[in-house]
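Visitor: Below is coords-v8.txt; it holds compact mmCIF, C-alpha atoms.
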# COMPACT_ATOMS: atom_id res chain seq x y z
CA MET A 1 111.18 109.13 104.59
CA CYS A 2 114.20 110.01 106.61
CA ASP A 3 112.91 111.13 110.01
CA THR A 4 115.45 113.92 110.19
CA CYS A 5 114.69 116.73 107.75
CA GLY A 6 110.95 116.99 108.24
CA CYS A 7 110.03 115.22 105.00
CA ASN A 8 108.08 112.76 107.13
CA VAL A 9 105.59 115.49 107.94
CA THR A 10 102.78 114.77 105.52
CA PRO A 11 99.52 116.63 105.05
CA GLY A 12 97.95 113.69 106.90
CA ASN A 13 100.02 114.02 110.05
CA ALA A 14 101.01 117.70 110.12
CA HIS A 15 98.29 118.45 112.65
CA LEU A 16 99.90 115.98 115.05
CA VAL A 17 103.06 118.04 115.25
CA GLN A 18 102.90 120.16 118.38
CA PRO A 19 102.94 123.88 117.72
CA GLY A 20 105.49 125.83 119.68
CA GLY A 21 108.46 123.52 119.64
CA LYS A 22 109.44 119.98 120.44
CA LEU A 23 108.57 119.99 124.13
CA SER A 24 105.39 121.11 125.73
CA ARG A 25 104.27 120.74 129.32
CA THR A 26 100.84 119.34 130.01
CA GLU A 27 98.88 119.10 133.23
CA ASP A 28 100.41 117.53 136.35
CA GLY A 29 104.02 118.05 135.31
CA ARG A 30 103.74 115.66 132.38
CA GLU A 31 105.83 116.62 129.44
CA ALA A 32 104.91 115.88 125.85
CA VAL A 33 107.79 115.10 123.53
CA SER A 34 107.06 115.24 119.81
CA VAL A 35 108.91 112.56 117.91
CA LEU A 36 107.39 111.95 114.47
CA ARG A 37 109.54 109.01 113.59
CA ASN A 38 108.67 105.94 111.55
CA LEU A 39 107.95 103.02 113.88
CA LEU A 40 110.06 100.73 111.73
CA HIS A 41 113.00 103.12 111.79
CA ALA A 42 115.44 100.47 113.07
CA ASN A 43 114.33 98.01 110.39
CA ASP A 44 114.60 100.67 107.67
CA HIS A 45 118.09 101.58 108.84
CA THR A 46 119.26 97.96 108.58
CA ALA A 47 117.49 97.65 105.21
CA GLN A 48 119.45 100.59 103.87
CA HIS A 49 122.64 98.99 105.15
CA ASN A 50 121.72 95.75 103.32
CA ARG A 51 120.98 97.69 100.12
CA GLU A 52 124.35 99.43 100.23
CA HIS A 53 126.02 96.05 100.79
CA PHE A 54 124.31 94.67 97.65
CA GLU A 55 125.27 97.77 95.68
CA ARG A 56 128.92 97.64 96.67
CA HIS A 57 128.99 94.22 95.02
CA GLY A 58 126.96 95.27 91.98
CA VAL A 59 124.19 92.85 92.97
CA LEU A 60 120.50 93.37 92.18
CA ALA A 61 118.31 92.28 95.11
CA VAL A 62 114.79 91.14 94.24
CA ASN A 63 112.17 90.49 96.92
CA LEU A 64 109.67 87.85 95.79
CA MET A 65 106.34 87.95 97.57
CA SER A 66 103.05 86.08 97.19
CA SER A 67 100.59 83.96 99.08
CA PRO A 68 101.82 80.45 100.00
CA GLY A 69 101.78 78.11 97.03
CA ALA A 70 101.68 80.76 94.29
CA GLY A 71 104.82 79.27 92.76
CA LYS A 72 107.71 81.43 93.98
CA THR A 73 110.14 78.52 94.34
CA SER A 74 109.09 76.94 91.02
CA LEU A 75 109.62 80.29 89.32
CA LEU A 76 113.09 80.53 90.86
CA GLU A 77 113.98 77.00 89.75
CA ALA A 78 112.92 77.78 86.18
CA THR A 79 114.72 81.15 86.27
CA ILE A 80 117.98 79.64 87.53
CA ASP A 81 117.88 76.99 84.80
CA ALA A 82 117.13 79.55 82.08
CA LEU A 83 119.90 81.96 83.15
CA ARG A 84 122.46 79.33 84.11
CA ASP A 85 125.04 80.40 81.50
CA GLU A 86 124.31 84.08 81.73
CA LEU A 87 123.94 85.30 85.31
CA ALA A 88 125.23 84.27 88.74
CA ILE A 89 122.33 83.87 91.15
CA ALA A 90 121.93 83.18 94.86
CA VAL A 91 118.76 82.82 96.88
CA ILE A 92 117.73 83.70 100.43
CA GLU A 93 114.73 81.60 101.40
CA GLY A 94 112.24 82.58 104.09
CA ASP A 95 109.90 80.05 105.64
CA LEU A 96 108.46 79.41 109.07
CA GLU A 97 110.00 75.94 109.17
CA THR A 98 112.03 73.45 107.08
CA GLU A 99 114.94 73.70 104.65
CA ASN A 100 112.77 72.30 101.85
CA ASP A 101 112.89 75.33 99.57
CA ALA A 102 116.63 75.93 100.02
CA SER A 103 117.22 72.24 99.21
CA ARG A 104 115.14 72.57 96.03
CA ILE A 105 117.18 75.61 94.95
CA ARG A 106 120.52 73.95 95.77
CA ARG A 107 119.64 71.04 93.49
CA HIS A 108 119.89 73.56 90.65
CA GLY A 109 123.49 74.31 91.55
CA VAL A 110 122.86 77.66 93.21
CA GLU A 111 123.76 78.75 96.73
CA ALA A 112 120.70 79.11 98.98
CA ILE A 113 120.52 80.40 102.54
CA GLN A 114 117.44 79.29 104.45
CA ILE A 115 115.98 81.61 107.08
CA THR A 116 113.49 79.85 109.32
CA THR A 117 111.40 82.46 111.06
CA GLY A 118 109.73 80.19 113.63
CA SER A 119 106.32 81.77 114.01
CA ALA A 120 107.13 85.10 112.34
CA CYS A 121 104.96 85.73 109.31
CA HIS A 122 107.46 87.86 107.39
CA LEU A 123 111.14 88.49 106.82
CA ASP A 124 112.64 91.66 108.23
CA ALA A 125 115.85 93.51 107.44
CA HIS A 126 117.68 92.04 110.44
CA MET A 127 117.01 88.45 109.32
CA VAL A 128 118.27 89.27 105.83
CA HIS A 129 121.31 90.98 107.33
CA ASP A 130 122.13 87.80 109.28
CA ALA A 131 121.68 85.70 106.14
CA LEU A 132 124.02 88.02 104.23
CA HIS A 133 126.75 87.17 106.71
CA GLN A 134 126.60 83.63 105.33
CA LEU A 135 126.55 84.66 101.68
CA ASN A 136 129.56 85.79 99.65
CA LEU A 137 128.26 88.32 97.12
CA ASP A 138 131.46 88.45 95.07
CA GLY A 139 130.74 87.53 91.46
CA LEU A 140 126.96 87.43 91.91
CA ASP A 141 124.54 89.29 89.68
CA ILE A 142 121.20 88.72 91.43
CA VAL A 143 120.12 87.72 94.92
CA PHE A 144 116.50 86.65 95.11
CA ILE A 145 114.91 86.94 98.53
CA GLU A 146 111.95 84.58 98.64
CA ASN A 147 109.78 86.04 101.37
CA VAL A 148 107.42 84.08 103.63
CA GLY A 149 104.26 83.18 101.71
CA ASN A 150 101.83 85.83 102.93
CA LEU A 151 100.07 88.72 101.19
CA VAL A 152 99.86 90.88 104.30
CA CYS A 153 102.81 91.18 106.65
CA PRO A 154 105.86 91.11 104.31
CA ALA A 155 104.61 94.31 102.65
CA SER A 156 105.41 96.37 105.74
CA PHE A 157 109.11 95.49 106.01
CA ASP A 158 111.85 96.89 103.80
CA LEU A 159 114.58 94.25 103.46
CA GLY A 160 117.08 96.29 101.45
CA GLN A 161 115.84 94.97 98.10
CA HIS A 162 115.89 97.00 94.89
CA ARG A 163 112.70 95.59 93.43
CA ASN A 164 109.53 93.94 94.71
CA VAL A 165 108.04 91.23 92.54
CA VAL A 166 104.60 89.97 93.56
CA LEU A 167 103.19 86.71 92.19
CA LEU A 168 99.47 86.21 91.80
CA SER A 169 98.65 82.67 90.76
CA VAL A 170 95.65 81.95 88.59
CA PRO A 171 93.87 79.69 91.15
CA GLU A 172 93.84 82.56 93.67
CA GLY A 173 91.45 84.76 91.71
CA ASP A 174 91.95 88.02 89.83
CA ASP A 175 90.76 90.34 92.61
CA LYS A 176 93.71 89.81 94.96
CA PRO A 177 95.14 93.30 94.25
CA ALA A 178 91.87 94.82 95.49
CA LYS A 179 91.85 92.60 98.59
CA TYR A 180 95.50 93.16 99.51
CA PRO A 181 96.17 96.76 98.43
CA VAL A 182 99.22 97.34 100.64
CA MET A 183 101.07 94.39 99.11
CA PHE A 184 100.14 95.07 95.49
CA ARG A 185 100.77 98.80 95.81
CA ALA A 186 104.38 97.92 96.70
CA ALA A 187 104.90 95.76 93.58
CA ASP A 188 107.35 96.87 90.89
CA LEU A 189 106.26 93.90 88.80
CA VAL A 190 103.28 91.57 89.07
CA LEU A 191 103.54 88.06 87.66
CA LEU A 192 100.33 86.17 86.97
CA SER A 193 101.73 82.71 87.64
CA LYS A 194 100.41 79.25 86.70
CA CYS A 195 98.86 80.77 83.56
CA ASP A 196 98.88 77.28 82.03
CA LEU A 197 95.73 76.86 84.18
CA LEU A 198 93.87 79.73 82.50
CA PRO A 199 91.95 77.43 80.11
CA LEU A 200 90.68 75.44 83.12
CA LEU A 201 90.02 78.33 85.49
CA ASP A 202 88.31 80.61 83.02
CA ASP A 203 86.85 82.88 85.71
CA PHE A 204 90.32 84.38 86.14
CA ASN A 205 90.52 87.42 83.90
CA PRO A 206 94.05 88.85 83.53
CA GLU A 207 92.58 92.17 82.40
CA ALA A 208 90.57 92.37 85.63
CA ALA A 209 93.77 91.82 87.64
CA ARG A 210 95.38 94.67 85.68
CA ARG A 211 92.40 96.94 86.36
CA HIS A 212 92.55 96.20 90.10
CA LEU A 213 96.24 97.07 90.06
CA GLN A 214 95.53 100.33 88.23
CA ASN A 215 92.97 101.23 90.88
CA LEU A 216 95.89 101.16 93.32
CA ALA A 217 97.59 103.79 91.12
CA ASN A 218 100.33 101.27 90.46
CA PRO A 219 101.80 101.45 86.94
CA ALA A 220 103.80 98.20 87.44
CA PRO A 221 103.86 95.88 84.41
CA VAL A 222 101.85 92.64 84.65
CA PHE A 223 103.19 89.53 82.91
CA GLU A 224 101.43 86.21 82.49
CA LEU A 225 103.72 83.22 82.80
CA SER A 226 103.97 79.57 83.69
CA ALA A 227 107.15 78.17 85.21
CA LYS A 228 105.85 74.71 84.34
CA SER A 229 105.20 75.20 80.61
CA SER A 230 107.75 78.06 80.22
CA ALA A 231 105.06 80.20 78.57
CA GLY A 232 105.77 83.89 79.13
CA MET A 233 109.10 83.27 80.86
CA ASP A 234 110.91 85.39 78.23
CA HIS A 235 109.21 88.61 79.37
CA TRP A 236 110.25 87.95 82.96
CA LEU A 237 113.85 87.13 82.03
CA GLU A 238 114.07 90.22 79.85
CA TRP A 239 112.73 92.33 82.74
CA LEU A 240 115.46 90.94 85.00
CA ARG A 241 118.19 91.72 82.46
CA ARG A 242 116.85 95.25 82.08
CA GLU A 243 116.72 95.79 85.84
CA ILE A 244 120.30 94.62 86.26
CA ALA A 245 121.42 97.02 83.52
CA THR A 246 119.45 99.89 85.10
CA ALA A 247 120.82 99.18 88.56
CA ARG A 248 124.36 99.14 87.23
CA GLN A 249 123.92 102.40 85.41
CA ALA A 250 122.67 103.92 88.65
CA THR A 251 125.74 102.90 90.62
CA SER A 252 129.15 103.93 89.34
CA GLU A 253 130.63 100.69 90.68
CA PRO A 254 132.69 98.62 88.26
CA HIS A 255 130.36 95.79 87.42
CA ASN A 256 130.81 92.15 86.79
CA LEU A 257 127.95 91.30 84.46
CA ARG A 258 129.00 87.96 83.16
CA SER A 259 128.36 86.80 79.67
CA SER A 260 128.71 83.22 78.60
CA ALA A 261 131.93 84.25 76.85
CA ALA A 262 133.65 86.15 79.68
CA SER A 263 134.06 84.92 83.22
CA THR A 264 136.69 87.24 84.65
CA PRO A 265 136.81 86.92 88.42
CA PRO A 266 135.79 90.13 90.19
CA ALA A 267 138.35 92.25 91.99
CA PRO A 268 138.57 91.39 95.69
CA MET B 1 100.10 89.21 112.74
CA HIS B 2 103.22 91.36 112.33
CA GLU B 3 101.83 93.92 114.77
CA LEU B 4 103.83 92.44 117.64
CA SER B 5 107.08 93.04 115.72
CA VAL B 6 105.94 96.59 115.04
CA CYS B 7 105.10 97.04 118.73
CA GLN B 8 108.48 95.77 119.86
CA ALA B 9 110.08 98.35 117.57
CA LEU B 10 107.75 100.96 119.05
CA ILE B 11 108.79 100.13 122.62
CA GLU B 12 112.47 100.32 121.65
CA GLN B 13 111.92 103.79 120.22
CA VAL B 14 109.95 104.92 123.25
CA GLU B 15 112.71 103.65 125.54
CA ALA B 16 115.26 105.63 123.51
CA VAL B 17 113.17 108.79 123.82
CA ALA B 18 112.77 108.16 127.56
CA ARG B 19 116.54 107.82 127.96
CA GLU B 20 117.21 111.02 126.01
CA GLN B 21 114.70 112.88 128.11
CA ASN B 22 115.79 111.40 131.45
CA ALA B 23 112.25 110.18 131.94
CA THR B 24 111.16 108.33 135.05
CA GLN B 25 107.97 107.04 133.49
CA VAL B 26 106.20 107.07 130.13
CA LEU B 27 102.51 107.78 130.54
CA LEU B 28 101.14 108.15 127.05
CA ILE B 29 102.24 107.16 123.55
CA ARG B 30 100.64 108.74 120.50
CA LEU B 31 100.81 107.16 117.05
CA GLY B 32 99.66 108.27 113.63
CA ILE B 33 98.63 105.40 111.39
CA GLY B 34 97.47 105.45 107.78
CA PRO B 35 95.33 102.60 106.38
CA LEU B 36 98.00 101.86 103.77
CA SER B 37 100.70 101.25 106.38
CA GLY B 38 99.63 97.62 106.51
CA VAL B 39 99.15 97.75 110.27
CA GLU B 40 95.79 97.12 111.89
CA PRO B 41 95.23 99.51 114.86
CA GLN B 42 93.16 97.00 116.87
CA LEU B 43 95.83 94.31 116.55
CA LEU B 44 98.51 96.84 117.34
CA GLU B 45 96.72 97.77 120.55
CA GLN B 46 96.51 94.12 121.64
CA ALA B 47 100.17 93.62 120.86
CA PHE B 48 101.03 96.81 122.75
CA TYR B 49 99.81 95.35 126.06
CA ILE B 50 102.21 92.44 125.57
CA ALA B 51 105.16 94.48 124.30
CA ARG B 52 105.04 97.19 126.99
CA ALA B 53 105.47 94.73 129.90
CA GLY B 54 108.66 95.32 131.87
CA SER B 55 109.55 98.49 129.95
CA ILE B 56 109.53 102.11 131.07
CA ALA B 57 106.16 102.28 129.31
CA ALA B 58 104.72 99.37 131.32
CA ASP B 59 101.76 101.50 132.43
CA ALA B 60 101.53 103.74 129.41
CA GLU B 61 98.37 104.37 127.48
CA LEU B 62 98.33 104.09 123.67
CA GLN B 63 96.48 106.63 121.55
CA MET B 64 96.23 106.07 117.83
CA THR B 65 95.09 108.61 115.28
CA SER B 66 93.93 107.21 111.97
CA LEU B 67 95.19 109.39 109.15
CA PRO B 68 93.23 109.89 105.93
CA ILE B 69 94.27 108.60 102.52
CA ARG B 70 94.84 111.48 100.12
CA VAL B 71 96.04 111.29 96.54
CA ASN B 72 97.36 113.89 94.13
CA CYS B 73 96.21 113.45 90.53
CA THR B 74 99.02 113.72 88.00
CA SER B 75 96.46 114.51 85.24
CA CYS B 76 94.25 117.24 86.73
CA GLY B 77 96.26 118.18 89.81
CA ALA B 78 93.40 117.72 92.26
CA VAL B 79 94.07 116.39 95.76
CA SER B 80 91.28 114.14 96.95
CA GLU B 81 90.48 111.55 99.60
CA ALA B 82 90.60 107.93 98.50
CA GLN B 83 89.97 104.38 99.68
CA PRO B 84 92.69 101.73 100.23
CA ALA B 85 91.74 99.63 97.19
CA ARG B 86 90.74 102.59 95.04
CA LEU B 87 93.38 105.28 94.87
CA VAL B 88 91.98 106.98 91.78
CA CYS B 89 91.34 110.71 91.51
CA ALA B 90 87.93 111.65 92.92
CA ALA B 91 87.78 114.69 90.64
CA CYS B 92 88.55 113.29 87.19
CA GLY B 93 88.70 109.53 87.77
CA ASP B 94 92.24 109.10 86.44
CA TRP B 95 94.21 106.28 88.09
CA GLN B 96 97.58 107.96 87.75
CA THR B 97 97.87 109.49 91.18
CA THR B 98 100.57 109.76 93.79
CA LEU B 99 99.95 109.20 97.47
CA VAL B 100 100.03 112.38 99.55
CA SER B 101 99.25 110.68 102.85
CA GLY B 102 97.78 107.48 104.21
CA ASP B 103 100.78 105.14 104.55
CA GLU B 104 102.17 106.64 107.77
CA LEU B 105 103.23 104.43 110.65
CA GLN B 106 104.66 106.92 113.07
CA LEU B 107 105.40 107.59 116.66
CA THR B 108 104.20 111.18 116.96
CA GLN B 109 104.42 112.01 120.66
CA VAL B 110 105.40 110.62 124.04
CA GLU B 111 104.12 112.01 127.33
CA LEU B 112 106.41 111.38 130.26
CA THR B 113 107.46 112.52 133.67
CA ARG B 114 111.07 113.24 134.45
CA LYS B 115 113.40 114.36 137.15
CA PRO B 116 113.47 118.08 137.84
CA ASP B 117 117.26 118.23 137.46
CA PRO B 118 118.88 115.19 135.80
CA ALA B 119 122.44 116.44 136.43
CA ALA B 120 121.92 116.57 140.19
CA SER B 121 121.18 112.86 140.68
CA PRO B 122 123.00 110.24 138.57
CA GLN B 123 120.75 107.32 139.59
CA PRO B 124 117.62 107.14 137.46
CA GLU B 125 115.35 106.34 140.37
CA GLN B 126 111.61 106.74 140.28
CA HIS B 127 110.69 110.10 141.64
CA ALA B 128 107.29 110.79 143.11
CA ALA B 129 105.25 112.07 140.21
CA SER B 130 102.73 114.67 141.18
CA SER B 131 99.96 113.17 139.09
CA GLY B 132 99.33 109.62 140.35
CA VAL B 133 98.43 108.53 136.84
CA ASN B 134 98.40 104.74 136.49
Take the structure in the file and write it out as structure tokens.
Guide:
Amino acid sequence: MCDTCGCNVTPGNAHLVQPGGKLSRTEDGREAVSVLRNLLHANDHTAQHNREHFERHGVLAVNLMSSPGAGKTSLLEATIDALRDELAIAVIEGDLETENDASRIRRHGVEAIQITTGSACHLDAHMVHDALHQLNLDGLDIVFIENVGNLVCPASFDLGQHRNVVLLSVPEGDDKPAKYPVMFRAADLVLLSKCDLLPLLDDFNPEAARRHLQNLANPAPVFELSAKSSAGMDHWLEWLRREIATARQATSEPHNLRSSAASTPPAP
Amino acid sequence: MHELSVCQALIEQVEAVAREQNATQVLLIRLGIGPLSGVEPQLLEQAFYIARAGSIAADAELQMTSLPIRVNCTSCGAVSEAQPARLVCAACGDWQTTLVSGDELQLTQVELTRKPDPAASPQPEQHAASSGVN
């Protein structure tokens, strides 16, 4: 919502808008100023700026979210290896401390910018904006933003991504979408990760996870995969290819989708 | 606990409103919050007492209105109330709904005192408010 045209007036908050204009005087000379603006307006503004920056370079930005240890970095490692000859990838890593994840990614020959948030439990658009100052987007196809492992706070902050991908690992249990509705409602794709453990953890029912997601009115596809065994990786890689194609159709920018045969450098 | 970040953004917005309005003091801040905003009102209130310190809203009160979750069914067209983890249509039970309200996280109103004539005095000094609130 834009905060300017009135589209942020919803049936839920319409009664909060003061009748009779923007200003009204209350008792004792106090004046009431109606505002009706999203609290995260500044973040959303920077997020939009980030998104436009990605789009000018024909880059798809994917925000990866999950609880800690669900396998975001392992998925990225496997994805980078699988798409090595096809797509140019960079990664922005968010963690409270350490460069460990960025180091893991760099070992696969891909540029990685580490954001250490200190005690902050999420990435915000300003942190991503700062990271983008260190990252040359020319010639890239995808930037993955690996958010801080947390199923609560990251859901509230737009970073300027095009798609949200939420991982739910098999050991966590299939009812996570019901327990963390704000996060899973925001997902454009849900990956049931570590599915090589399904035979061991047979109380995890992928169909139950899908039902919980449907109860959130979220039509996002749900793929089962294992970065370790490579099972199901094809669906995920195909989804990425499709999203890149869709994003490029949406923007009229000349694109630089690289194939293994053509590696023309992009125009400056 | 991202509520402190949210509160810092809130104080920045309130300070901007206060500047626009030539306010001398902010007395009351009203928010509208939906359960699907991802922000917990109780935590937000605790964070507010930290975030307001030293600002023009240092003595301001925070009032939060919890907004209902309502969904619009794309099958039968009904608008019904729903729960955070169950956004299905209450009328026909279909899951294909769109959210009408319930994810708001908004500053709705600010109550403040201000100078009678801002053009007359360039210095934004505290003027004796008639109500001695706070």
Visitor: What lies within 7 Å of B:Ala51 using all atoms listed in the file, ignoring chain neighbours under 5 positions off, as a list in words?
Guide: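 Surrounding residues, per the criterion: Cys7, Gln8 and Ile11 of chain B.
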Visitor: Mind listing as a ChimeraX atom specification which residues of chain A are within 8 Å of chain B, counting all atoms listed in the file?
Guide: /A:10-13,16-17,28-40,42,120-122,152-153,155-156,177-182,212,214-219
Visitor: Taking into account only C-alpha atoms, which residue in the set A:Ala70, A:Ile142, A:Ala187, A:Val128 is nearest to A:Gln114?
Guide: A:Val128
Visitor: Just the number, please: distance in Å from atom CA of A:Ala47 to atom CA of A:Asp81, one decimal.
Guide: 29.0 Å
Visitor: Which neighbours of A:Asn63 fall inside 7 Å, counting all atoms listed in the file, when residues of the same chain fewer than 5 positions from it are skipped, and could you give them as an MDAnalysis selection string?
Guide: chainID A and resid 144:147 161 163:165
Visitor: Quick one, how far is atom CA of A:Thr246 from atom CA of A:His162?
Guide: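 We find that atom CA of A:Thr246 and atom CA of A:His162 lie 10.8 Å from each other.
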Visitor: Report, in Å with one decimal, the straight-line distance from atom CA of B:Ala78 to atom CA of B:Ala91.
Guide: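 Going from atom CA of B:Ala78 over to atom CA of B:Ala91, I get 6.6 Å.
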Visitor: Rank nothing, just name the residue among B:Pro41, B:Thr74, B:Lys115, B:Ala16 nearest to B:Ala57, using all atoms listed in the file.
Guide: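 Once distances to B:Ala57 are computed over all atoms listed in the file, the minimum belongs to B:Ala16.
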Visitor: Identify, on the basis of only C-alpha atoms, every residue whose closest approach to A:Leu192 does not exceed 12 Å; exclude the query and any residue fewer than 4 positions from it along the same chain; express the result as a PDB file with C-alpha atoms, in the coordinates of the input.
Guide:
ATOM      1  CA  SER A  66     103.050  86.080  97.190  1.00  0.00           C
ATOM      2  CA  ALA A  70     101.680  80.760  94.290  1.00  0.00           C
ATOM      3  CA  GLY A  71     104.820  79.270  92.760  1.00  0.00           C
ATOM      4  CA  LYS A  72     107.710  81.430  93.980  1.00  0.00           C
ATOM      5  CA  LEU A  75     109.620  80.290  89.320  1.00  0.00           C
ATOM      6  CA  VAL A 165     108.040  91.230  92.540  1.00  0.00           C
ATOM      7  CA  VAL A 166     104.600  89.970  93.560  1.00  0.00           C
ATOM      8  CA  LEU A 167     103.190  86.710  92.190  1.00  0.00           C
ATOM      9  CA  LEU A 168      99.470  86.210  91.800  1.00  0.00           C
ATOM     10  CA  SER A 169      98.650  82.670  90.760  1.00  0.00           C
ATOM     11  CA  VAL A 170      95.650  81.950  88.590  1.00  0.00           C
ATOM     12  CA  PRO A 171      93.870  79.690  91.150  1.00  0.00           C
ATOM     13  CA  GLU A 172      93.840  82.560  93.670  1.00  0.00           C
ATOM     14  CA  GLY A 173      91.450  84.760  91.710  1.00  0.00           C
ATOM     15  CA  ASP A 174      91.950  88.020  89.830  1.00  0.00           C
ATOM     16  CA  ASP A 175      90.760  90.340  92.610  1.00  0.00           C
ATOM     17  CA  LYS A 176      93.710  89.810  94.960  1.00  0.00           C
ATOM     18  CA  PRO A 177      95.140  93.300  94.250  1.00  0.00           C
ATOM     19  CA  ASP A 196      98.880  77.280  82.030  1.00  0.00           C
ATOM     20  CA  LEU A 197      95.730  76.860  84.180  1.00  0.00           C
ATOM     21  CA  LEU A 198      93.870  79.730  82.500  1.00  0.00           C
ATOM     22  CA  PHE A 204      90.320  84.380  86.140  1.00  0.00           C
ATOM     23  CA  ASN A 205      90.520  87.420  83.900  1.00  0.00           C
ATOM     24  CA  PRO A 206      94.050  88.850  83.530  1.00  0.00           C
ATOM     25  CA  GLU A 207      92.580  92.170  82.400  1.00  0.00           C
ATOM     26  CA  ALA A 208      90.570  92.370  85.630  1.00  0.00           C
ATOM     27  CA  ALA A 209      93.770  91.820  87.640  1.00  0.00           C
ATOM     28  CA  ARG A 210      95.380  94.670  85.680  1.00  0.00           C
ATOM     29  CA  PRO A 221     103.860  95.880  84.410  1.00  0.00           C
ATOM     30  CA  VAL A 222     101.850  92.640  84.650  1.00  0.00           C
ATOM     31  CA  PHE A 223     103.190  89.530  82.910  1.00  0.00           C
ATOM     32  CA  GLU A 224     101.430  86.210  82.490  1.00  0.00           C
ATOM     33  CA  LEU A 225     103.720  83.220  82.800  1.00  0.00           C
ATOM     34  CA  SER A 226     103.970  79.570  83.690  1.00  0.00           C
ATOM     35  CA  ALA A 227     107.150  78.170  85.210  1.00  0.00           C
ATOM     36  CA  ALA A 231     105.060  80.200  78.570  1.00  0.00           C
ATOM     37  CA  GLY A 232     105.770  83.890  79.130  1.00  0.00           C
ATOM     38  CA  MET A 233     109.100  83.270  80.860  1.00  0.00           C
ATOM     39  CA  HIS A 235     109.210  88.610  79.370  1.00  0.00           C
ATOM     40  CA  TRP A 236     110.250  87.950  82.960  1.00  0.00           C
TER      41      TRP A 236
END
Visitor: Can you work out which one of A:Ala186, A:Val110, A:Ile92, A:Ala220 has the shortest atom-to-atom distance to A:Val148, counting all atoms listed in the file?
Guide: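 So, comparing all the options, the nearest one is A:Ile92.
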